[in-house]
There are 2 protein chains.
Amino acid sequence: MAPFPHSPIPNRPHAHTQTMPDTIEVFDTTLRDGTQGEHVTLSARDKMRIARRLEAFGIDVIEGGWPGSNPTDQAFFEAASGETWAHTSICAFGSTRHASNAPSEDANLQALIEADTDVVSIFGKSWTLHVEQALGVSRETNLDLIRSSVAFLREHGKRVIYDAEHFFDGFADHPAYALRTLRAAAEAGADTLVLCDTNGGSLPHDIYDVTAAVYEDFDTTLGIHAHNNGGCAVANSLAAVRAGARHMQGTINGLGERCGNADLCAVIPDLQLKMDFECVDPDRLDDLVDLARFTNEVANLDPDDGAPYVGRSAFTHKGGVHVSAVMEAPSTYEHVEPNVVGNRRRALVSDLSGRSNIQYKAKEMGIDLGSDAAAQAVERIKELEHLGYEFQGAEASFELLLRTLQDEVPDFFGLDRMRVWSGQDDEAQTVEASLALTVQDERTLAVAEGNGPVDALSNAMREGLLSFYPSLDGVRLSDYKVRVLTPQDGTAATVRVLIEHGDGARTWNTVGVSENILDASWQALADGMRYALFHAAPTPTAGPAPDPAASG
Amino acid sequence: MAPFPHSPIPNRPHAHTQTMPDTIEVFDTTLRDGTQGEHVTLSARDKMRIARRLEAFGIDVIEGGWPGSNPTDQAFFEAASGETWAHTSICAFGSTRHASNAPSEDANLQALIEADTDVVSIFGKSWTLHVEQALGVSRETNLDLIRSSVAFLREHGKRVIYDAEHFFDGFADHPAYALRTLRAAAEAGADTLVLCDTNGGSLPHDIYDVTAAVYEDFDTTLGIHAHNNGGCAVANSLAAVRAGARHMQGTINGLGERCGNADLCAVIPDLQLKMDFECVDPDRLDDLVDLARFTNEVANLDPDDGAPYVGRSAFTHKGGVHVSAVMEAPSTYEHVEPNVVGNRRRALVSDLSGRSNIQYKAKEMGIDLGSDAAAQAVERIKELEHLGYEFQGAEASFELLLRTLQDEVPDFFGLDRMRVWSGQDDEAQTVEASLALTVQDERTLAVAEGNGPVDALSNAMREGLLSFYPSLDGVRLSDYKVRVLTPQDGTAATVRVLIEHGDGARTWNTVGVSENILDASWQALADGMRYALFHAAPTPTAGPAPDPAASG
């Protein structure tokens with residue numbers, strides 16, 4: 001195969017005497033600016049789950065929210081401060097002080113200090129339009145707001161990242177003043193000056209020219225914060241790096257207000273694979289697809305199949321010409337190898353990659369899958385994926401599927417009948433589920449109430465199984481998600497239910513799909529119980545210990 | 001309001017003696033390259049509908065397909081050839097001849113002639129890797145394939161656009177040879193040389209440098225065809241124009257294989273509003289949003305709310321600070337005026353914002369909300385948001401809430417009792433819902449079956465209401481979404497249901513929240529019907545017409 005024809009891009013010549021580093025500090029603001037997106041809502045617990053994944057991926061700074069602005073962000077910073085972060089710094093976001101407050105009496109600055117993070121990012125005004133119209137203060141006063149706020153945070157031991165809001169618009173309007181705002185922040189102790197294209201309408205050549213101009217003037221590290229309103233957020237971020245920026249702000253999957261922020265899932269591989277910068281440990285880059293999908297799952301957002309690098313279609317070939325050419329030499333129709341970012345090649349006419357992939361996954365789980373069983377598994381998974389199953393977020397169901405093909409899973413229980421009843425008269429409601437199960441060759445009936453039909457079903461299942469399997473007593477349902485797969489079918493749509501169970505020590509995820517939400521829920525609930533039973537009392541053939549990592 | 005701070009970008013200096021035109025020929029390939037996208041399928045009739053809209057918008061050339069490759073494209077070219085095209089040229093796509101055929105005996109070239117279009121685009125190989133590995137011919141033979149194919153089409157009176165496949169990769173590998181392929185096409189009579197970034201991984205600075213190098217060497221018009229695999233398709237297209245290209249290929253909404261093609265819905269306004277080029281008649285630019293949505297509708301694709309310029313969220317403001325600033329001076333958080341591209345400003349009703357936000361929304365809906373009523377509405381919305389309601393995706397529920405506070409909404413119907421039953425025995429299932437309703441002071445009972453409990457409920461509601469309100473006959477449920485709000489509560493979690501209804505002319509969205517998914521669904525379904533009834537038969541107090549724009 002021919003090498004990919006992208007040569008590294010030399011850094012631009014510049015006035016600084018020191019050598020430019022070829023590493024980029026990556027600053028993720030999915031949890032803050034990302035949640036400004038129209039459909040994005042994250043609980044404090046969601047934020048913690050994403051933050052842990054961001055750290056594992058190698059993100060340098062995670063902006064968690066605006067402390068004091070709402071209870072969710074408050075709860076996140078409390079949780080984050082109780083956690084040990086090995087590589088990542090957690091960052092709290094806020095604004096410069098209000099003009100009428102001394103720094104020590106400014107509620108916003110106080111909240112930043114109380115958030116108990118090592119790093120703080122604060123935004124200030126660069127554009128005279130905003131200074132005069134939005135803040136209603138003089139240009140000199142604005143400089144003092146910046147200076148005194150940064151200095152106050154520095155006195156409290158914080159590393160301060162200064163976000164120059166609307167920098168490019170401000171610079172176009174009044175370059176000297178825009179530069180003075182940066183100077184104020186730098187002199188007061190900000191160690192990074194982030195040039196923000198807040199309205200998102202700048203084009204790459206503007207970004208390059210302006211960043212280069214700032215770079216000539218400052219020794220402080222420059223950062224870039226781009227939005228996608230002109231469709232150029234990724235390119236704008238790259239242009240800033242070429243002009244000297246070494247701090248990169250963005251969000252996973254480009255989540256964010258209006259058209260979103262710069263998508264780190266494209267910016268990071270562009271910088272790392274095509275421009276020879278180091279953003280994350282090269283060994284971790286192949287976790288990118290998992291990180292992108294995990295973030296979508298937690299935020300309950302539909303993935304964008306066409307997303308660069310991480311989309312399901314990013315390496316998918318439809319045309320017959322393309323498919324055969326790619327089989328011979330991937331670089332004929334692929335700009336990078338999909339596995340470099342953890343993606344995979346797909347061909348829509350005939351699936352080529354399935355089997356080895358599945359054998360690889362099976363091995364990870366301690367299952368020795370023969371070649372025939374792997375082929376059988378590929379077939380079964382294709383059928384199930386066609387029906388709407390998705391095993392990305394449901395590894396326990398996937399493991400059960402493989403082990404069932406290997407005849408490893410005992411027949412723990414079977415469903416003979418399910419009845420769910422929901423009645424509502426004015427405010428009073430009764431919800432009841434009854435089940436007929438066969439457990440250990442014995443027929444058993446169970447009935448339970450619940451808050452809603454799925455809850456009643458879950459309660460009835462526990463009720464029916466507990467006397468046979470006391471080990472299930474410690475198993476708890478810890479997450480429940482529903483995704484409508486064919487929304488255009490309205491209430492007759494197919495739904496996918498993802499369920500997480502836990503036993504205090506670990507958690508596992510299962511999936512169910514049906515037009516009937518109760519049926520889909522039953523499948524996922526039952527898989528969750530079977531997985532627990534399988535690993536609680538391994539049969540002689542089961543082999544590995546519950547922890548796949550310990551057995552792989 | 002301050003002017004937008006983007007100054008026109010001067011064309012780069014160049015060696016040509018003639019003045020560079022500031023118009024761009026726009027070449028749309030939605031119907032050809034767009035349909036290579038994983039989820040994109042268009043019938044010949046769909047293609048004709050889209051082509052007519054593209055012409056009305058002012059697209060110069062419409063590439064309709066690859067004649068001879070499939071029956072759909074065949075049918076399209078037959079239909080198109082029977083139509084009169086005032087402004088637009090229809091273009092047929094194909095490849096250079098096969099090495100073993102004389103041009104006059106090559107089936108592919110014959111099909112191009114028979115397609116009966118004024119314009120033909122043919123692609124040839126620029127990259128030695130492809131010449132040798134994919135075609136398996138010598139470099140000289142490849143030049144002859146290009147030369148003889150173009151000449152043959154010219155002899156048959158066609159305007160020939162030459163697509164240089166993989167041009168940027170080929171140029172990086174072997175610049176002299178890549179230029180020779182272009183020379184062969186130009187000398188044989190191609191009037192436009194399109195530089196294709198087929199694999200989509202080039203970055204804007206590469207595109208600029210290579211296009212500039214070609215531009216120095218050729219008097220022929222240069223074009224650009226970019227793909228989005230590195231997230232830079234829009235920026236790459238702009239970079240090529242800055243380097244001298246004056247022919248722009250792309251697709252509506254960026255549809256296309258893998259990560260898609262350059263999105264004309266971003267490229268056109270970027271060029272026209274920010275770089276002072278003329279792509280389409282300026283008076284037509286405000287049809288852009290309609291064109292984008294129409295194309296998604298015909299292709300049956302979910303719209304991307306975050307799409308630059310044309311997305312539903314592109315001018316949507318969530319944070320309270322942003323909302324109040326935008327109301328005062330739109331350029332504070334908007335890079336262009338939304339109406340310029342036919343979009344509109346939206347303010348999200350969310351806990352981040354307050355009274356001014358709600359008054360703004362009410363005004364949009366034609367509701368004159370006094371200051372007291374607005375304060376009351378803020379209180380009520382806060383309560384509901386605390387319970388998990390979210391009105392940003394449910395504007396019809398929001399409107400009903402405001403109108404109910406103003407006593408404008410008649411008591412169309414009330415729920416006295418709801419019973420839902422779901423039974424499953426092995427594979428067989430029965431799902432049934434029964435309702436007792438009070439409609440126009442009359443008690444009525446309704447019962448219906450369904451695929452799942454929510455479907456049965458929806459069917460029963462229609463059943464119960466239709467005889468009283470025949471106007472509901474045209475109302476259809478078009479989208480159904482479920483979000484689990486407190487996933488850690490497992491199956492006892494609170495769920496939020498979002499429902500979209502439509503009547504063929506427009507759609508509206510409603511919300512319901514409960515621990516019981518059936519109760520939440522009922523709320524959203526009932527709001528959907530009430531909204532339809534309110535706007536179908538306005539009561540004397542209702543005032544405004546259904547279209548908020550007409551009454552605001």
# chains A, B, ... in the order shown; residues from 1 in each chain; ligands from 1

$ interface_residues --of "chain B" --to "chain A" --cutoff "6 Å" --atoms "only C-alpha atoms" --output "ChimeraX atom specification"
/B:5,169,172,199,201,229-232,235,258-259,306-308,313-316,333-335,416-426,451-452,454-455,477-481,484,487-488,490-492,515-516

$ write_last_selection --atoms "C-alpha atoms" --output "compact mmCIF listing (two decimals), in the first residue's frame"
# COMPACT_ATOMS: atom_id res chain seq x y z
CA PRO B 5 -17.25 43.09 10.96
CA ASP B 169 -3.34 13.14 -3.44
CA ALA B 172 1.33 15.38 -3.59
CA ASN B 199 -10.70 10.94 -0.22
CA GLY B 201 -8.64 14.27 3.84
CA ASN B 229 -13.49 13.35 5.81
CA GLY B 230 -11.21 15.71 7.71
CA GLY B 231 -14.08 18.02 8.69
CA CYS B 232 -12.81 20.71 6.30
CA ALA B 235 -13.10 25.51 4.26
CA ARG B 258 -18.71 8.53 3.88
CA CYS B 259 -18.63 11.98 5.57
CA GLY B 306 -26.96 22.30 14.00
CA ALA B 307 -26.27 22.79 10.28
CA PRO B 308 -24.60 26.14 9.54
CA SER B 313 -30.72 25.71 15.86
CA ALA B 314 -28.41 27.90 13.77
CA PHE B 315 -29.82 31.11 15.24
CA THR B 316 -31.20 29.65 18.45
CA TYR B 333 -24.27 36.65 19.07
CA GLU B 334 -25.12 36.18 15.38
CA HIS B 335 -22.63 36.23 12.54
CA ASP B 416 -61.86 10.54 33.06
CA ARG B 417 -60.23 7.13 32.92
CA MET B 418 -57.43 5.36 31.07
CA ARG B 419 -56.85 1.59 30.97
CA VAL B 420 -54.00 -0.05 29.15
CA TRP B 421 -53.48 -3.76 28.90
CA SER B 422 -50.53 -5.61 27.41
CA GLY B 423 -50.46 -9.39 27.33
CA GLN B 424 -47.82 -11.66 25.88
CA ASP B 425 -47.90 -15.45 25.64
CA ASP B 426 -44.83 -16.84 23.97
CA ASN B 451 -48.30 -2.49 18.42
CA GLY B 452 -47.37 -1.44 21.91
CA VAL B 454 -48.43 3.82 23.62
CA ASP B 455 -49.62 3.01 20.13
CA LEU B 477 -48.38 11.67 14.61
CA SER B 478 -45.01 12.10 12.89
CA ASP B 479 -42.41 11.75 15.62
CA TYR B 480 -42.20 10.19 19.06
CA LYS B 481 -39.25 10.52 21.43
CA VAL B 484 -35.38 9.02 30.71
CA PRO B 487 -31.83 7.09 34.73
CA GLN B 488 -30.33 6.19 38.09
CA GLY B 490 -34.00 2.66 36.76
CA THR B 491 -37.46 1.57 35.71
CA ALA B 492 -39.04 3.89 38.31
CA GLU B 515 -43.01 8.31 36.11
CA ASN B 516 -45.51 6.38 34.00

$ select_by_dssp --residues "stretch 415-494 of chain A" --states "helix (DSSP H, G or I)" --output "list in words"
Pro453, Val454, Asp455, Ala456, Leu457, Ser458, Asn459, Ala460, Met461, Arg462, Glu463, Gly464, Leu465, Leu466, Pro470, Ser471, Leu472, Asp473, Gly474, Pro487, Gln488, Asp489, Gly490, Thr491 and Ala492 of chain A

$ write_last_selection --atoms "N, CA and C atoms" --output "PDB file, in the first residue's frame"
ATOM      1  N   PRO A 453     -45.514   1.089  33.931  1.00  0.00           N
ATOM      2  CA  PRO A 453     -45.572  -0.307  33.483  1.00  0.00           C
ATOM      3  C   PRO A 453     -44.207  -1.004  33.479  1.00  0.00           C
ATOM      4  N   VAL A 454     -43.140  -0.281  33.102  1.00  0.00           N
ATOM      5  CA  VAL A 454     -41.824  -0.925  33.066  1.00  0.00           C
ATOM      6  C   VAL A 454     -41.334  -1.220  34.483  1.00  0.00           C
ATOM      7  N   ASP A 455     -41.626  -0.294  35.382  1.00  0.00           N
ATOM      8  CA  ASP A 455     -41.228  -0.494  36.772  1.00  0.00           C
ATOM      9  C   ASP A 455     -41.944  -1.709  37.364  1.00  0.00           C
ATOM     10  N   ALA A 456     -43.235  -1.832  37.092  1.00  0.00           N
ATOM     11  CA  ALA A 456     -43.993  -2.977  37.596  1.00  0.00           C
ATOM     12  C   ALA A 456     -43.419  -4.279  37.040  1.00  0.00           C
ATOM     13  N   LEU A 457     -43.049  -4.247  35.768  1.00  0.00           N
ATOM     14  CA  LEU A 457     -42.476  -5.434  35.128  1.00  0.00           C
ATOM     15  C   LEU A 457     -41.155  -5.833  35.791  1.00  0.00           C
ATOM     16  N   SER A 458     -40.323  -4.849  36.019  1.00  0.00           N
ATOM     17  CA  SER A 458     -39.036  -5.098  36.660  1.00  0.00           C
ATOM     18  C   SER A 458     -39.226  -5.667  38.066  1.00  0.00           C
ATOM     19  N   ASN A 459     -40.162  -5.087  38.794  1.00  0.00           N
ATOM     20  CA  ASN A 459     -40.430  -5.575  40.153  1.00  0.00           C
ATOM     21  C   ASN A 459     -40.950  -7.010  40.149  1.00  0.00           C
ATOM     22  N   ALA A 460     -41.825  -7.312  39.204  1.00  0.00           N
ATOM     23  CA  ALA A 460     -42.375  -8.676  39.136  1.00  0.00           C
ATOM     24  C   ALA A 460     -41.268  -9.679  38.812  1.00  0.00           C
ATOM     25  N   MET A 461     -40.345  -9.279  37.955  1.00  0.00           N
ATOM     26  CA  MET A 461     -39.270 -10.208  37.605  1.00  0.00           C
ATOM     27  C   MET A 461     -38.401 -10.533  38.822  1.00  0.00           C
ATOM     28  N   ARG A 462     -38.013  -9.504  39.557  1.00  0.00           N
ATOM     29  CA  ARG A 462     -37.247  -9.734  40.789  1.00  0.00           C
ATOM     30  C   ARG A 462     -37.993 -10.673  41.728  1.00  0.00           C
ATOM     31  N   GLU A 463     -39.270 -10.345  41.905  1.00  0.00           N
ATOM     32  CA  GLU A 463     -40.149 -11.122  42.769  1.00  0.00           C
ATOM     33  C   GLU A 463     -40.116 -12.600  42.371  1.00  0.00           C
ATOM     34  N   GLY A 464     -40.219 -12.863  41.081  1.00  0.00           N
ATOM     35  CA  GLY A 464     -40.282 -14.244  40.604  1.00  0.00           C
ATOM     36  C   GLY A 464     -38.952 -14.975  40.733  1.00  0.00           C
ATOM     37  N   LEU A 465     -37.843 -14.271  40.613  1.00  0.00           N
ATOM     38  CA  LEU A 465     -36.539 -14.945  40.556  1.00  0.00           C
ATOM     39  C   LEU A 465     -35.835 -15.064  41.901  1.00  0.00           C
ATOM     40  N   LEU A 466     -36.130 -14.148  42.840  1.00  0.00           N
ATOM     41  CA  LEU A 466     -35.323 -14.054  44.056  1.00  0.00           C
ATOM     42  C   LEU A 466     -35.300 -15.326  44.892  1.00  0.00           C
ATOM     43  N   PRO A 470     -31.021 -16.334  45.257  1.00  0.00           N
ATOM     44  CA  PRO A 470     -30.857 -15.279  46.274  1.00  0.00           C
ATOM     45  C   PRO A 470     -29.703 -14.327  45.936  1.00  0.00           C
ATOM     46  N   SER A 471     -28.751 -14.770  45.102  1.00  0.00           N
ATOM     47  CA  SER A 471     -27.622 -13.884  44.787  1.00  0.00           C
ATOM     48  C   SER A 471     -28.078 -12.623  44.043  1.00  0.00           C
ATOM     49  N   LEU A 472     -29.258 -12.665  43.463  1.00  0.00           N
ATOM     50  CA  LEU A 472     -29.756 -11.478  42.747  1.00  0.00           C
ATOM     51  C   LEU A 472     -30.156 -10.351  43.694  1.00  0.00           C
ATOM     52  N   ASP A 473     -30.202 -10.660  44.971  1.00  0.00           N
ATOM     53  CA  ASP A 473     -30.631  -9.657  45.937  1.00  0.00           C
ATOM     54  C   ASP A 473     -29.764  -8.402  45.872  1.00  0.00           C
ATOM     55  N   GLY A 474     -28.484  -8.579  45.611  1.00  0.00           N
ATOM     56  CA  GLY A 474     -27.577  -7.421  45.565  1.00  0.00           C
ATOM     57  C   GLY A 474     -27.564  -6.712  44.223  1.00  0.00           C
ATOM     58  N   PRO A 487     -38.587   7.155  14.408  1.00  0.00           N
ATOM     59  CA  PRO A 487     -39.500   8.171  14.954  1.00  0.00           C
ATOM     60  C   PRO A 487     -40.641   8.519  14.002  1.00  0.00           C
ATOM     61  N   GLN A 488     -40.375   8.381  12.688  1.00  0.00           N
ATOM     62  CA  GLN A 488     -41.436   8.729  11.736  1.00  0.00           C
ATOM     63  C   GLN A 488     -42.632   7.793  11.843  1.00  0.00           C
ATOM     64  N   ASP A 489     -42.469   6.634  12.507  1.00  0.00           N
ATOM     65  CA  ASP A 489     -43.603   5.744  12.705  1.00  0.00           C
ATOM     66  C   ASP A 489     -44.433   6.117  13.931  1.00  0.00           C
ATOM     67  N   GLY A 490     -44.065   7.211  14.579  1.00  0.00           N
ATOM     68  CA  GLY A 490     -44.850   7.693  15.717  1.00  0.00           C
ATOM     69  C   GLY A 490     -44.922   6.668  16.820  1.00  0.00           C
ATOM     70  N   THR A 491     -46.117   6.488  17.395  1.00  0.00           N
ATOM     71  CA  THR A 491     -46.241   5.589  18.540  1.00  0.00           C
ATOM     72  C   THR A 491     -46.105   4.122  18.156  1.00  0.00           C
ATOM     73  N   ALA A 492     -46.121   3.810  16.841  1.00  0.00           N
ATOM     74  CA  ALA A 492     -45.913   2.417  16.411  1.00  0.00           C
ATOM     75  C   ALA A 492     -44.435   2.154  16.124  1.00  0.00           C
TER      76      ALA A 492
END

$ closest_residue --among "A:Phe123, A:Phe93, A:Tyr389, A:Trp85" --to "A:Ala520" --atoms "only C-alpha atoms"
A:Tyr389

$ residues_around --residues "B:Phe77" --least-positions-apart "3" --cutoff "8 Å" --atoms "only C-alpha atoms" --output "PyMOL selection string"
chain B and resi 64+67+73-74+80-81+115-117

$ write_last_selection --atoms "N, CA and C atoms" --output "compact mmCIF listing (two decimals), in the first residue's frame"
# COMPACT_ATOMS: atom_id res chain seq x y z
N GLY B 64 -27.09 15.02 -12.65
CA GLY B 64 -28.26 14.20 -12.34
C GLY B 64 -27.99 12.74 -12.06
N PRO B 67 -25.59 8.04 -16.32
CA PRO B 67 -26.50 7.33 -17.22
C PRO B 67 -25.93 5.97 -17.60
N ASP B 73 -31.27 6.48 -12.81
CA ASP B 73 -30.60 7.58 -13.49
C ASP B 73 -31.07 7.68 -14.93
N GLN B 74 -31.26 6.54 -15.56
CA GLN B 74 -31.80 6.49 -16.91
C GLN B 74 -33.14 7.24 -16.98
N ALA B 80 -35.77 14.58 -17.55
CA ALA B 80 -35.13 15.90 -17.60
C ALA B 80 -35.06 16.41 -19.03
N SER B 81 -34.87 15.50 -19.97
CA SER B 81 -34.71 15.94 -21.35
C SER B 81 -36.04 16.41 -21.93
N ALA B 115 -27.73 10.48 -23.01
CA ALA B 115 -28.45 11.14 -21.91
C ALA B 115 -29.02 12.49 -22.37
N ASP B 116 -28.52 13.00 -23.49
CA ASP B 116 -29.13 14.17 -24.12
C ASP B 116 -29.05 15.43 -23.25
N THR B 117 -27.91 15.63 -22.62
CA THR B 117 -27.70 16.84 -21.82
C THR B 117 -26.74 17.76 -22.57

$ atom_distance --atom1 "atom CA of B:Arg403" --atom2 "atom CA of B:Glu442"
24.3 Å

$ atom_distance --atom1 "atom CA of B:Ala362" --atom2 "atom CA of B:Ala394"
13.8 Å

$ residues_around --residues "A:Ala373" --least-positions-apart "3" --cutoff "12 Å" --atoms "only C-alpha atoms" --output "PyMOL selection string"
chain A and resi 355-356+358-359+362+367-370+376-381+401-407

$ write_last_selection --atoms "N, CA and C atoms" --output "mmCIF file, in the first residue's frame"
data_model
loop_
_atom_site.group_PDB
_atom_site.id
_atom_site.type_symbol
_atom_site.label_atom_id
_atom_site.label_comp_id
_atom_site.auth_asym_id
_atom_site.auth_seq_id
_atom_site.Cartn_x
_atom_site.Cartn_y
_atom_site.Cartn_z
ATOM 1 N N ARG A 355 -15.850 -10.923 10.827
ATOM 2 C CA ARG A 355 -15.466 -12.074 11.630
ATOM 3 C C ARG A 355 -14.256 -11.844 12.544
ATOM 4 N N SER A 356 -13.219 -11.246 11.989
ATOM 5 C CA SER A 356 -12.009 -11.091 12.796
ATOM 6 C C SER A 356 -12.268 -10.125 13.944
ATOM 7 N N ILE A 358 -15.062 -9.810 15.537
ATOM 8 C CA ILE A 358 -15.821 -10.489 16.584
ATOM 9 C C ILE A 358 -14.923 -11.441 17.362
ATOM 10 N N GLN A 359 -14.028 -12.090 16.657
ATOM 11 C CA GLN A 359 -13.086 -12.964 17.368
ATOM 12 C C GLN A 359 -12.218 -12.154 18.330
ATOM 13 N N ALA A 362 -14.378 -11.298 21.317
ATOM 14 C CA ALA A 362 -14.605 -12.500 22.116
ATOM 15 C C ALA A 362 -13.383 -12.780 22.984
ATOM 16 N N ILE A 367 -13.534 -15.491 25.755
ATOM 17 C CA ILE A 367 -14.254 -16.538 25.032
ATOM 18 C C ILE A 367 -13.398 -16.969 23.846
ATOM 19 N N ASP A 368 -13.166 -18.274 23.756
ATOM 20 C CA ASP A 368 -12.363 -18.757 22.637
ATOM 21 C C ASP A 368 -13.312 -19.166 21.515
ATOM 22 N N LEU A 369 -13.541 -18.256 20.600
ATOM 23 C CA LEU A 369 -14.536 -18.458 19.555
ATOM 24 C C LEU A 369 -13.880 -19.078 18.330
ATOM 25 N N GLY A 370 -14.314 -20.276 17.982
ATOM 26 C CA GLY A 370 -13.794 -20.914 16.779
ATOM 27 C C GLY A 370 -14.219 -20.164 15.524
ATOM 28 N N GLN A 376 -20.946 -17.766 12.444
ATOM 29 C CA GLN A 376 -22.339 -17.829 12.899
ATOM 30 C C GLN A 376 -22.715 -16.557 13.664
ATOM 31 N N ALA A 377 -21.787 -16.106 14.507
ATOM 32 C CA ALA A 377 -22.026 -14.896 15.293
ATOM 33 C C ALA A 377 -22.185 -13.694 14.376
ATOM 34 N N VAL A 378 -21.358 -13.595 13.333
ATOM 35 C CA VAL A 378 -21.469 -12.473 12.391
ATOM 36 C C VAL A 378 -22.866 -12.436 11.794
ATOM 37 N N GLU A 379 -23.346 -13.603 11.381
ATOM 38 C CA GLU A 379 -24.686 -13.679 10.786
ATOM 39 C C GLU A 379 -25.754 -13.191 11.756
ATOM 40 N N ARG A 380 -25.656 -13.725 12.978
ATOM 41 C CA ARG A 380 -26.658 -13.402 13.994
ATOM 42 C C ARG A 380 -26.635 -11.911 14.326
ATOM 43 N N ILE A 381 -25.441 -11.356 14.436
ATOM 44 C CA ILE A 381 -25.317 -9.934 14.773
ATOM 45 C C ILE A 381 -25.850 -9.064 13.645
ATOM 46 N N LEU A 401 -24.783 -13.368 23.970
ATOM 47 C CA LEU A 401 -25.038 -13.861 22.618
ATOM 48 C C LEU A 401 -23.933 -14.832 22.189
ATOM 49 N N LEU A 402 -22.666 -14.434 22.399
ATOM 50 C CA LEU A 402 -21.555 -15.299 22.014
ATOM 51 C C LEU A 402 -21.551 -16.583 22.840
ATOM 52 N N ARG A 403 -21.752 -16.443 24.143
ATOM 53 C CA ARG A 403 -21.712 -17.626 25.011
ATOM 54 C C ARG A 403 -22.881 -18.560 24.725
ATOM 55 N N THR A 404 -24.022 -17.983 24.322
ATOM 56 C CA THR A 404 -25.165 -18.820 23.975
ATOM 57 C C THR A 404 -24.855 -19.634 22.717
ATOM 58 N N LEU A 405 -24.196 -19.007 21.748
ATOM 59 C CA LEU A 405 -23.786 -19.741 20.543
ATOM 60 C C LEU A 405 -22.820 -20.867 20.894
ATOM 61 N N GLN A 406 -22.060 -20.702 21.956
ATOM 62 C CA GLN A 406 -21.110 -21.724 22.405
ATOM 63 C C GLN A 406 -21.755 -22.693 23.408
ATOM 64 N N ASP A 407 -23.070 -22.546 23.614
ATOM 65 C CA ASP A 407 -23.795 -23.393 24.587
ATOM 66 C C ASP A 407 -23.250 -23.285 25.999
#

$ select_by_dssp --residues "stretch 87-187 of chain A" --states "strand (DSSP E)" --output "VMD selection string"
chain A and resid 89 to 95 119 to 125 159 to 165

$ atom_distance --atom1 "atom CA of A:Gly502" --atom2 "atom CA of A:Gln523"
16.9 Å

$ residues_around --residues "A:Thr510" --least-positions-apart "6" --cutoff "6 Å" --atoms "only C-alpha atoms" --output "PyMOL selection string"
chain A and resi 394+396-397+498-499+524+528

$ write_last_selection --atoms "N, CA and C atoms" --output "short mmCIF file (atom, residue, chain, number, x, y, z; two decimals), in the first residue's frame"
data_model
loop_
_atom_site.label_atom_id
_atom_site.label_comp_id
_atom_site.auth_asym_id
_atom_site.auth_seq_id
_atom_site.Cartn_x
_atom_site.Cartn_y
_atom_site.Cartn_z
N ALA A 394 -23.95 -2.21 24.95
CA ALA A 394 -24.61 -3.34 25.61
C ALA A 394 -23.71 -4.57 25.53
N ALA A 396 -22.81 -6.68 27.78
CA ALA A 396 -23.26 -7.90 28.47
C ALA A 396 -24.19 -8.71 27.56
N SER A 397 -25.07 -8.04 26.83
CA SER A 397 -25.92 -8.76 25.88
C SER A 397 -25.07 -9.40 24.79
N LEU A 498 -31.94 0.40 26.58
CA LEU A 498 -30.62 0.05 27.12
C LEU A 498 -30.72 0.11 28.63
N ILE A 499 -30.28 -0.95 29.30
CA ILE A 499 -30.38 -1.01 30.75
C ILE A 499 -29.02 -1.28 31.36
N ALA A 524 -34.11 -6.65 27.82
CA ALA A 524 -32.92 -6.06 28.44
C ALA A 524 -32.84 -6.41 29.93
N GLY A 528 -29.94 -8.77 31.70
CA GLY A 528 -29.21 -8.26 32.87
C GLY A 528 -29.15 -9.29 33.98
#

$ residues_around --residues "A:Lys125" --least-positions-apart "4" --cutoff "9 Å" --atoms "only C-alpha atoms" --output "MDAnalysis selection string"
chainID A and resid 96 130:131 135 142:143 146 163:167 170 178 181

$ write_last_selection --atoms "C-alpha atoms" --output "compact mmCIF listing (two decimals), in the first residue's frame"
# COMPACT_ATOMS: atom_id res chain seq x y z
CA THR A 96 -14.92 38.72 34.92
CA HIS A 130 -20.03 44.53 23.79
CA VAL A 131 -18.16 46.67 26.25
CA LEU A 135 -21.72 45.74 29.79
CA ASN A 142 -13.48 46.90 31.06
CA LEU A 143 -9.67 46.59 31.11
CA ILE A 146 -10.23 41.87 33.30
CA ASP A 163 -11.22 33.54 27.25
CA ALA A 164 -11.27 36.60 25.01
CA GLU A 165 -14.92 36.55 23.96
CA HIS A 166 -15.65 37.76 20.40
CA PHE A 167 -11.95 38.30 19.87
CA GLY A 170 -13.49 42.77 18.21
CA ALA A 178 -8.73 44.02 21.40
CA THR A 181 -7.71 43.40 26.65

$ closest_residue --among "B:Met529, B:Ala347, B:Ala176, B:Ala75" --to "B:Leu400" --atoms "only C-alpha atoms"
B:Met529
